[in-house]
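Report on one structure; see the data block that follows.
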Amino acid sequence: MKKVSQEKPLLTLIVPVYNEESSLNHFYDQTCKCTESMGVEIEFLFINDGSEDNTLEMLRQLCRRDSRVRYLSFSRNFGKEAAMYAGLQYAGGDYAAIMDADLQDPPELLPKMYDAVVAGDYDCAAARRVNRKGEGKIRSFCADCFYKIMTRLSGMNLMPGARDFQLMNRKMINAVLSLKEKSRFSKGIFEWVGFRKKWVEYENVERSSGCSKWSFGKLCRYALDGITSFSTLPLQAAFIPGMICWIAAVALLAVEISRFYVLSSDMRNWLLLFSFLMCLSGMQFFCMGIFGKYLGKTYEEVKHRPVYVMDECHLSERTEENEDEQNAK
């Protein structure tokens with residue numbers, strides 16, 4: 001059985017997993033090969049996000065096989081954002097990297113990312129895809145549009161093709177953990193906390209096995225959560241079309257009254273007026289939807305429910321000590 005030494009710096013690999021039994025062993029073997037010569041101790045921290053297949057049992061087997069493997073298991077599926085947050089909370093390393101188990105985050109990039117951070121020139125090394133080969137055109141187009149809209153609305157430079165695959169030092173980890181909101185959008189959080197970041201570009205890699213757990217609907221909800229988490233502009237923008245519609249409605253009414261009294265004409269624009277009122281009503285409901293989204297997020301935050309609920313865990317002493325420090329803060 002492999003043992004963990006504390007003579008070298010420790011790098012915690014945070015790996016959220018949900019129904020990944022088909023790719024888990026392949027990910028573990030591939031990552032071990034890519035990290036052998038990095039000059040740093042490796043700790044695997046898997047977060048089982050309520051998997052319904054054999055993922056949890058496979059994690060138990062990996063723990064018995066390799067003492068560097070740790071895992072947390074949620075009581076149900078709380079989502080990848082909750083899994084990443086839990087992983088950062090329980091990461092015992094001097095550095096931590098967030099990765100996907102489907103090998104779309106190539107482990108081959110880890111040495112390059114680690115060298116950039118450990119040299120002291122950067123606090124974080126982040127991976128971004130330079131293309132989306134293998135993805136549908138509509139999905140790729142929507143993703144590109146989201147990054148552009150998010151950048152404009154939030155004022156942050158959200159890099160197109162950015163992944164959650166990030167390797168960061170302890171300073172940045174603590175900064176990310178200091179943001180306690182329940183509705184989390186990690187890509188925005190990583191940008192919001194700042195620090196020096198190096199972008200590592202790579203060609204898109206398709207999943208090693210299985211299929212994506214992100215449906216188009218889930219991606220749309222995730223995008224909406226990201227926008228409303230880091231920008232209040234939608235609230236302000238709702239005022240502008242509402243004001244335009246109100247001014248246009250008053251002007252139209254004034255024209256019709258003038259035609260009736262000055263020109264003695266019949267008011268024949270009732271259909272146009274009806275259509276305009278329908279447009280105005282639609283705009284009102286749209287604005288109410290925006291308000292409702294922000295109000296709902298506020299409601300979720302004030303309830304102070306935990307981001308996740310733990311069901312089972314297997315941790316190292318160093319990891320538990322780090323969690324105690326975070327709770328003390």
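Numbering starts fresh at 1 for the residues of each chain in the structure tokens, the chains themselves are lettered A, B, ... in the order given, and ligands are numbered from 1 as they appear.
The list of residues with at least one atom within 8 Å of Arg76 (chain A), based on only C-alpha atoms and without residues fewer than 5 positions apart in the same chain, reads Asp49, Gly50, Ser51 and Val309 of chain A.
Near Gln166 (chain A), within 7 Å and counting only C-alpha atoms, sit Ala97, Ile98, Cys124, Ala125, Ala126 and Ala127 of chain A; same-chain residues fewer than 6 positions away were not included.
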inquiry  = List the spatial neighbours of region 312-315 of chain A as a VMD selection string - criterion: any atom at most 10 Å away, only C-alpha atoms, same-chain residues fewer than 2 positions off excluded.
reply    = chain A and resid 45 to 48 56 59 to 60 63 67 to 75 90 to 92 309 to 310 317 to 320
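From CA of Pro107 (chain A) back to CA of Ser23 (chain A), the distance works out to 13.6 Å.
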query = as a VMD selection string, which residues of region 31-212 of chain A does DSSP assign to alpha helix (DSSP H)?
reply = chain A and resid 31 to 35 55 to 65 80 to 90 110 to 118 137 to 154 170 to 177 186 to 192
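One finds CA of Val118 (chain A) at 12.9 Å from CA of Gly93 (chain A).
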message = Between CA of Glu201 (chain A) and CA of Met113 (chain A), what is the distance in Å, rounded to a tenth?
response = 10.7 Å
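Here the question is which of A:Val40, A:Leu24, A:Leu13, A:Cys145 gets nearest to Leu62 (chain A) using only C-alpha atoms, and that residue is A:Leu24.
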